[in-house]
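Next up, target30.txt (compact mmCIF, N, CA and C atoms):
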# COMPACT_ATOMS: atom_id res chain seq x y z
N MET A 297 -53.75 215.10 36.29
CA MET A 297 -53.08 213.85 36.19
C MET A 297 -54.08 212.72 36.25
N ALA A 298 -53.78 211.68 35.48
CA ALA A 298 -54.67 210.53 35.43
C ALA A 298 -54.36 209.58 36.57
N GLU A 299 -55.41 209.13 37.19
CA GLU A 299 -55.21 208.19 38.28
C GLU A 299 -55.16 206.77 37.72
N VAL A 300 -54.24 205.98 38.20
CA VAL A 300 -54.07 204.61 37.77
C VAL A 300 -54.78 203.71 38.76
N ALA A 301 -55.69 202.84 38.23
CA ALA A 301 -56.42 201.94 39.11
C ALA A 301 -55.47 200.87 39.62
N PRO A 302 -55.57 200.51 40.90
CA PRO A 302 -54.70 199.45 41.42
C PRO A 302 -55.04 198.10 40.76
N ALA A 303 -54.03 197.28 40.53
CA ALA A 303 -54.22 195.95 39.92
C ALA A 303 -55.02 195.06 40.87
N PRO A 304 -56.00 194.30 40.33
CA PRO A 304 -56.79 193.43 41.21
C PRO A 304 -55.92 192.34 41.82
N ALA A 305 -56.19 192.00 43.03
CA ALA A 305 -55.43 190.95 43.72
C ALA A 305 -55.72 189.60 43.07
N ALA A 306 -54.70 188.78 42.99
CA ALA A 306 -54.86 187.46 42.39
C ALA A 306 -55.76 186.60 43.27
N ALA A 307 -56.64 185.85 42.62
CA ALA A 307 -57.55 184.97 43.36
C ALA A 307 -56.75 183.84 44.00
N PRO A 308 -57.06 183.47 45.22
CA PRO A 308 -56.30 182.38 45.85
C PRO A 308 -56.52 181.08 45.08
N ALA A 309 -55.45 180.33 44.91
CA ALA A 309 -55.52 179.06 44.17
C ALA A 309 -56.37 178.06 44.95
N LYS A 310 -57.18 177.35 44.22
CA LYS A 310 -58.02 176.33 44.87
C LYS A 310 -57.16 175.13 45.24
N ALA A 311 -57.43 174.57 46.37
CA ALA A 311 -56.70 173.39 46.81
C ALA A 311 -57.13 172.21 45.94
N ALA A 312 -56.15 171.46 45.51
CA ALA A 312 -56.44 170.31 44.66
C ALA A 312 -57.20 169.25 45.47
N LYS A 313 -58.28 168.78 44.91
CA LYS A 313 -59.06 167.76 45.60
C LYS A 313 -58.42 166.40 45.38
N LYS A 314 -58.31 165.66 46.44
CA LYS A 314 -57.76 164.32 46.32
C LYS A 314 -58.90 163.37 45.98
N LYS A 315 -58.65 162.55 44.98
CA LYS A 315 -59.67 161.57 44.61
C LYS A 315 -59.60 160.41 45.59
N ALA A 316 -60.74 159.93 45.94
CA ALA A 316 -60.79 158.78 46.85
C ALA A 316 -60.30 157.55 46.09
N ALA A 317 -59.32 156.89 46.65
CA ALA A 317 -58.77 155.70 46.01
C ALA A 317 -59.79 154.58 46.09
N LYS A 318 -60.01 153.94 44.96
CA LYS A 318 -60.94 152.82 44.95
C LYS A 318 -60.26 151.62 45.59
N PRO A 319 -60.95 150.92 46.45
CA PRO A 319 -60.34 149.75 47.06
C PRO A 319 -60.15 148.65 46.02
N LYS A 320 -59.03 147.97 46.12
CA LYS A 320 -58.74 146.90 45.18
C LYS A 320 -59.68 145.73 45.44
N LYS A 321 -60.21 145.18 44.37
CA LYS A 321 -61.17 144.09 44.54
C LYS A 321 -60.46 142.85 45.07
N ALA A 322 -61.13 142.18 45.95
CA ALA A 322 -60.58 140.96 46.52
C ALA A 322 -60.74 139.82 45.53
N GLY A 323 -59.89 138.85 45.65
CA GLY A 323 -59.98 137.69 44.79
C GLY A 323 -58.79 137.59 43.86
N PRO A 324 -58.67 136.47 43.18
CA PRO A 324 -57.52 136.26 42.29
C PRO A 324 -57.60 137.13 41.05
N SER A 325 -56.43 137.38 40.45
CA SER A 325 -56.38 138.18 39.24
C SER A 325 -56.82 137.33 38.05
N VAL A 326 -57.02 137.98 36.91
CA VAL A 326 -57.45 137.27 35.71
C VAL A 326 -56.39 136.26 35.30
N GLN A 327 -55.12 136.66 35.40
CA GLN A 327 -54.05 135.75 35.03
C GLN A 327 -54.05 134.49 35.89
N GLU A 328 -54.27 134.65 37.17
CA GLU A 328 -54.30 133.49 38.06
C GLU A 328 -55.47 132.57 37.72
N LEU A 329 -56.62 133.16 37.39
CA LEU A 329 -57.78 132.35 37.00
C LEU A 329 -57.49 131.57 35.72
N ILE A 330 -56.84 132.22 34.76
CA ILE A 330 -56.52 131.57 33.49
C ILE A 330 -55.54 130.42 33.72
N VAL A 331 -54.52 130.65 34.52
CA VAL A 331 -53.53 129.61 34.78
C VAL A 331 -54.18 128.42 35.47
N LYS A 332 -55.07 128.67 36.44
CA LYS A 332 -55.76 127.58 37.13
C LYS A 332 -56.62 126.77 36.16
N THR A 333 -57.30 127.48 35.26
CA THR A 333 -58.18 126.81 34.30
C THR A 333 -57.39 125.93 33.35
N VAL A 334 -56.30 126.47 32.83
CA VAL A 334 -55.49 125.71 31.87
C VAL A 334 -54.80 124.55 32.57
N ALA A 335 -54.32 124.76 33.79
CA ALA A 335 -53.65 123.69 34.53
C ALA A 335 -54.61 122.56 34.88
N ALA A 336 -55.86 122.90 35.13
CA ALA A 336 -56.84 121.88 35.50
C ALA A 336 -57.29 121.04 34.31
N SER A 337 -57.05 121.56 33.11
CA SER A 337 -57.48 120.84 31.91
C SER A 337 -56.62 119.61 31.66
N LYS A 338 -57.26 118.54 31.26
CA LYS A 338 -56.54 117.30 30.96
C LYS A 338 -56.40 117.08 29.45
N GLU A 339 -56.85 118.06 28.67
CA GLU A 339 -56.77 117.95 27.22
C GLU A 339 -55.33 117.95 26.74
N ARG A 340 -55.02 117.07 25.85
CA ARG A 340 -53.65 116.97 25.33
C ARG A 340 -53.31 118.17 24.45
N SER A 341 -54.32 118.65 23.71
CA SER A 341 -54.09 119.76 22.78
C SER A 341 -54.28 121.12 23.44
N GLY A 342 -54.54 121.16 24.73
CA GLY A 342 -54.70 122.41 25.44
C GLY A 342 -56.14 122.89 25.47
N VAL A 343 -56.34 124.13 25.92
CA VAL A 343 -57.66 124.72 26.07
C VAL A 343 -57.81 125.84 25.06
N SER A 344 -58.93 125.83 24.33
CA SER A 344 -59.16 126.91 23.36
C SER A 344 -59.54 128.19 24.09
N ALA A 345 -59.40 129.31 23.39
CA ALA A 345 -59.74 130.60 23.99
C ALA A 345 -61.22 130.66 24.34
N ALA A 346 -62.07 130.09 23.48
CA ALA A 346 -63.51 130.10 23.74
C ALA A 346 -63.84 129.26 24.97
N ALA A 347 -63.20 128.09 25.10
CA ALA A 347 -63.44 127.23 26.27
C ALA A 347 -62.92 127.90 27.54
N LEU A 348 -61.82 128.63 27.40
CA LEU A 348 -61.25 129.35 28.53
C LEU A 348 -62.20 130.43 29.02
N LYS A 349 -62.81 131.16 28.08
CA LYS A 349 -63.77 132.21 28.44
C LYS A 349 -65.02 131.62 29.08
N LYS A 350 -65.46 130.45 28.57
CA LYS A 350 -66.62 129.78 29.16
C LYS A 350 -66.33 129.35 30.59
N ALA A 351 -65.13 128.84 30.82
CA ALA A 351 -64.76 128.40 32.16
C ALA A 351 -64.68 129.58 33.13
N LEU A 352 -64.15 130.70 32.64
CA LEU A 352 -64.09 131.90 33.49
C LEU A 352 -65.50 132.39 33.83
N ALA A 353 -66.40 132.37 32.83
CA ALA A 353 -67.77 132.79 33.06
C ALA A 353 -68.47 131.86 34.04
N ALA A 354 -68.19 130.55 33.95
CA ALA A 354 -68.79 129.59 34.87
C ALA A 354 -68.29 129.81 36.29
N GLY A 355 -67.07 130.34 36.40
CA GLY A 355 -66.49 130.62 37.72
C GLY A 355 -66.96 131.93 38.32
N GLY A 356 -67.80 132.66 37.59
CA GLY A 356 -68.35 133.89 38.12
C GLY A 356 -67.67 135.15 37.61
N TYR A 357 -66.76 135.04 36.67
CA TYR A 357 -66.07 136.22 36.11
C TYR A 357 -66.88 136.77 34.94
N ASP A 358 -67.08 138.07 34.88
CA ASP A 358 -67.86 138.70 33.82
C ASP A 358 -66.97 138.90 32.59
N VAL A 359 -66.97 137.92 31.68
CA VAL A 359 -66.10 137.93 30.52
C VAL A 359 -66.54 138.98 29.51
N ASP A 360 -67.84 139.16 29.32
CA ASP A 360 -68.32 140.14 28.34
C ASP A 360 -67.89 141.55 28.70
N LYS A 361 -67.90 141.86 29.96
CA LYS A 361 -67.52 143.19 30.42
C LYS A 361 -66.00 143.40 30.37
N ASN A 362 -65.24 142.32 30.51
CA ASN A 362 -63.78 142.41 30.62
C ASN A 362 -63.05 141.66 29.51
N LYS A 363 -63.55 141.76 28.28
CA LYS A 363 -62.93 141.06 27.16
C LYS A 363 -61.48 141.45 26.97
N VAL A 364 -61.22 142.75 27.06
CA VAL A 364 -59.87 143.25 26.82
C VAL A 364 -58.91 142.75 27.89
N ARG A 365 -59.37 142.70 29.13
CA ARG A 365 -58.50 142.21 30.21
C ARG A 365 -58.14 140.76 30.02
N VAL A 366 -59.09 139.97 29.55
CA VAL A 366 -58.82 138.55 29.31
C VAL A 366 -57.79 138.41 28.20
N LYS A 367 -57.96 139.18 27.11
CA LYS A 367 -57.01 139.12 25.99
C LYS A 367 -55.61 139.53 26.41
N THR A 368 -55.50 140.64 27.13
CA THR A 368 -54.18 141.10 27.54
C THR A 368 -53.54 140.14 28.54
N ALA A 369 -54.35 139.52 29.38
CA ALA A 369 -53.82 138.54 30.34
C ALA A 369 -53.26 137.33 29.60
N ILE A 370 -53.98 136.87 28.58
CA ILE A 370 -53.51 135.72 27.80
C ILE A 370 -52.20 136.08 27.10
N LYS A 371 -52.17 137.27 26.48
CA LYS A 371 -50.95 137.69 25.76
C LYS A 371 -49.76 137.82 26.70
N SER A 372 -49.98 138.37 27.89
CA SER A 372 -48.86 138.53 28.82
C SER A 372 -48.39 137.18 29.35
N LEU A 373 -49.30 136.24 29.55
CA LEU A 373 -48.90 134.90 29.99
C LEU A 373 -48.11 134.20 28.89
N LEU A 374 -48.45 134.48 27.63
CA LEU A 374 -47.70 133.90 26.52
C LEU A 374 -46.29 134.49 26.46
N THR A 375 -46.17 135.80 26.64
CA THR A 375 -44.84 136.43 26.57
C THR A 375 -43.98 136.04 27.77
N LYS A 376 -44.60 135.82 28.93
CA LYS A 376 -43.85 135.38 30.11
C LYS A 376 -43.35 133.95 29.95
N GLY A 377 -44.07 133.17 29.16
CA GLY A 377 -43.70 131.78 28.98
C GLY A 377 -44.50 130.84 29.86
N THR A 378 -45.50 131.35 30.54
CA THR A 378 -46.33 130.49 31.40
C THR A 378 -47.22 129.62 30.54
N LEU A 379 -47.79 130.21 29.47
CA LEU A 379 -48.62 129.46 28.54
C LEU A 379 -47.88 129.29 27.22
N VAL A 380 -48.26 128.27 26.48
CA VAL A 380 -47.69 127.99 25.17
C VAL A 380 -48.84 127.80 24.19
N HIS A 381 -48.66 128.33 22.97
CA HIS A 381 -49.65 128.14 21.92
C HIS A 381 -49.58 126.72 21.38
N THR A 382 -50.72 126.10 21.19
CA THR A 382 -50.74 124.84 20.45
C THR A 382 -51.35 125.07 19.08
N LYS A 383 -52.24 126.07 18.98
CA LYS A 383 -52.85 126.47 17.71
C LYS A 383 -53.08 127.97 17.76
N GLY A 384 -53.07 128.62 16.60
CA GLY A 384 -53.45 130.02 16.52
C GLY A 384 -52.33 130.99 16.83
N THR A 385 -52.70 132.30 16.82
CA THR A 385 -51.75 133.35 17.12
C THR A 385 -52.39 134.38 18.05
N GLY A 386 -51.57 135.14 18.74
CA GLY A 386 -52.08 136.18 19.63
C GLY A 386 -52.87 135.60 20.78
N ALA A 387 -54.05 136.19 21.03
CA ALA A 387 -54.89 135.71 22.13
C ALA A 387 -55.93 134.72 21.64
N ALA A 388 -55.80 134.27 20.39
CA ALA A 388 -56.76 133.31 19.83
C ALA A 388 -56.06 131.96 19.69
N GLY A 389 -56.85 130.91 19.61
CA GLY A 389 -56.29 129.58 19.43
C GLY A 389 -56.42 128.74 20.69
N SER A 390 -55.48 127.81 20.84
CA SER A 390 -55.47 126.92 22.00
C SER A 390 -54.17 127.10 22.77
N PHE A 391 -54.27 126.90 24.09
CA PHE A 391 -53.12 127.12 24.96
C PHE A 391 -52.97 125.96 25.93
N LYS A 392 -51.74 125.72 26.32
CA LYS A 392 -51.48 124.78 27.40
C LYS A 392 -50.31 125.31 28.22
N MET A 393 -50.13 124.72 29.39
CA MET A 393 -49.05 125.16 30.27
C MET A 393 -47.71 124.78 29.66
N SER A 394 -46.72 125.64 29.82
CA SER A 394 -45.39 125.31 29.31
C SER A 394 -44.74 124.31 30.26
N LYS A 395 -43.77 123.59 29.76
CA LYS A 395 -43.10 122.56 30.56
C LYS A 395 -42.39 123.19 31.75
N THR A 396 -41.76 124.35 31.56
CA THR A 396 -41.02 124.98 32.65
C THR A 396 -41.94 125.45 33.76
N SER A 397 -43.10 125.99 33.41
CA SER A 397 -44.01 126.46 34.45
C SER A 397 -44.64 125.29 35.20
N GLU A 398 -44.84 124.16 34.51
CA GLU A 398 -45.40 122.98 35.18
C GLU A 398 -44.43 122.45 36.22
N THR A 399 -43.14 122.39 35.87
CA THR A 399 -42.16 121.86 36.83
C THR A 399 -41.98 122.81 38.00
N ALA A 400 -42.01 124.11 37.74
CA ALA A 400 -41.87 125.08 38.82
C ALA A 400 -43.08 125.01 39.75
N ARG A 401 -44.25 124.81 39.18
CA ARG A 401 -45.47 124.71 39.98
C ARG A 401 -45.44 123.45 40.85
N CYS A 402 -44.97 122.34 40.28
CA CYS A 402 -44.90 121.08 41.03
C CYS A 402 -43.89 121.21 42.18
N GLU A 403 -42.76 121.88 41.93
CA GLU A 403 -41.76 122.06 42.97
C GLU A 403 -42.28 122.92 44.12
N SER A 404 -43.04 123.97 43.78
CA SER A 404 -43.56 124.85 44.83
C SER A 404 -44.60 124.13 45.68
N VAL A 405 -45.36 123.23 45.07
CA VAL A 405 -46.35 122.45 45.82
C VAL A 405 -45.65 121.43 46.70
N ALA A 406 -44.55 120.85 46.20
CA ALA A 406 -43.82 119.85 46.96
C ALA A 406 -43.15 120.47 48.19
N ARG A 407 -42.75 121.73 48.11
CA ARG A 407 -42.10 122.40 49.25
C ARG A 407 -43.06 122.63 50.40
N ARG A 408 -44.32 122.76 50.13
CA ARG A 408 -45.31 123.03 51.19
C ARG A 408 -45.52 121.83 52.00
Starting from the file, lay out its structure as structure tokens.
Amino acid sequence: MAEVAPAPAAAPAKAAKKKAAKPKKAGPSVQELIVKTVAASKERSGVSAAALKKALAAGGYDVDKNKVRVKTAIKSLLTKGTLVHTKGTGAAGSFKMSKTSETARCESVARR
């Protein structure tokens, strides 16, 4: 009679390694920086995207490294209604604060 070899025991499953969570960087978000920059501008026609990037870079933000974040932040602020286009489309052109966000901002400051 032929002897049947016993089936090898299954290897114990390796425990899943937990990745160390990166601490969230301190400081304001890109959207907050953009809103502050546009709100501080006294230009009637708003702030151009290039001037906005220069102002962020002057404030210590690495614009070259985070181009996509700046673009998506501008687009999301436009869709929220915080910013309004004065020229251009998408994340290009000039932007200024919308009337509704200006009044809401003034009211929140007055409450303090």
Which residues are close to range 368-385 of chain A, i.e. within 6.5 Å by all atoms listed in the file, leaving aside same-chain residues fewer than 3 positions away? Reply as a ChimeraX atom specification. /A:326-327,341,363-365,388-394,397
To one decimal place, how far is atom N of Ala387 in chain A from CA of Gly356 in chain A in Å? 22.4 Å
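Here CA of Ser337 in chain A is placed at a distance of 20.7 Å from CA of Asp358 in chain A.
Of the listed residues (A:Lys318, A:Lys313, A:Lys332, A:Lys395), A:Lys332 comes nearest to Ala351 in chain A; the distances count only C-alpha atoms.
Atom to atom, atom C of Ala316 in chain A and atom C of Asn362 in chain A stand 23.1 Å apart.
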Produce the centre coordinates and the three edge lengths, each in Å to one decimal, of the box along x, y and z that contains all listed atoms of range 382-399 of chain A with 4 Å added on each side, as AutoDock Vina command-line options.
--center_x -48.9 --center_y 129.0 --center_z 27.3 --size_x 23.8 --size_y 22.3 --size_z 29.5
Backbone-only DSSP, strand (DSSP E or B) members of range 332-403 of chain A, as a PyMOL selection string: chain A and resi 343-344+379-383+390-393
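Using only C-alpha atoms, the shortest contact distance between Lys349 in chain A and any of A:Leu329, A:Ala322, A:Ala317, A:Val300 is found at A:Leu329.
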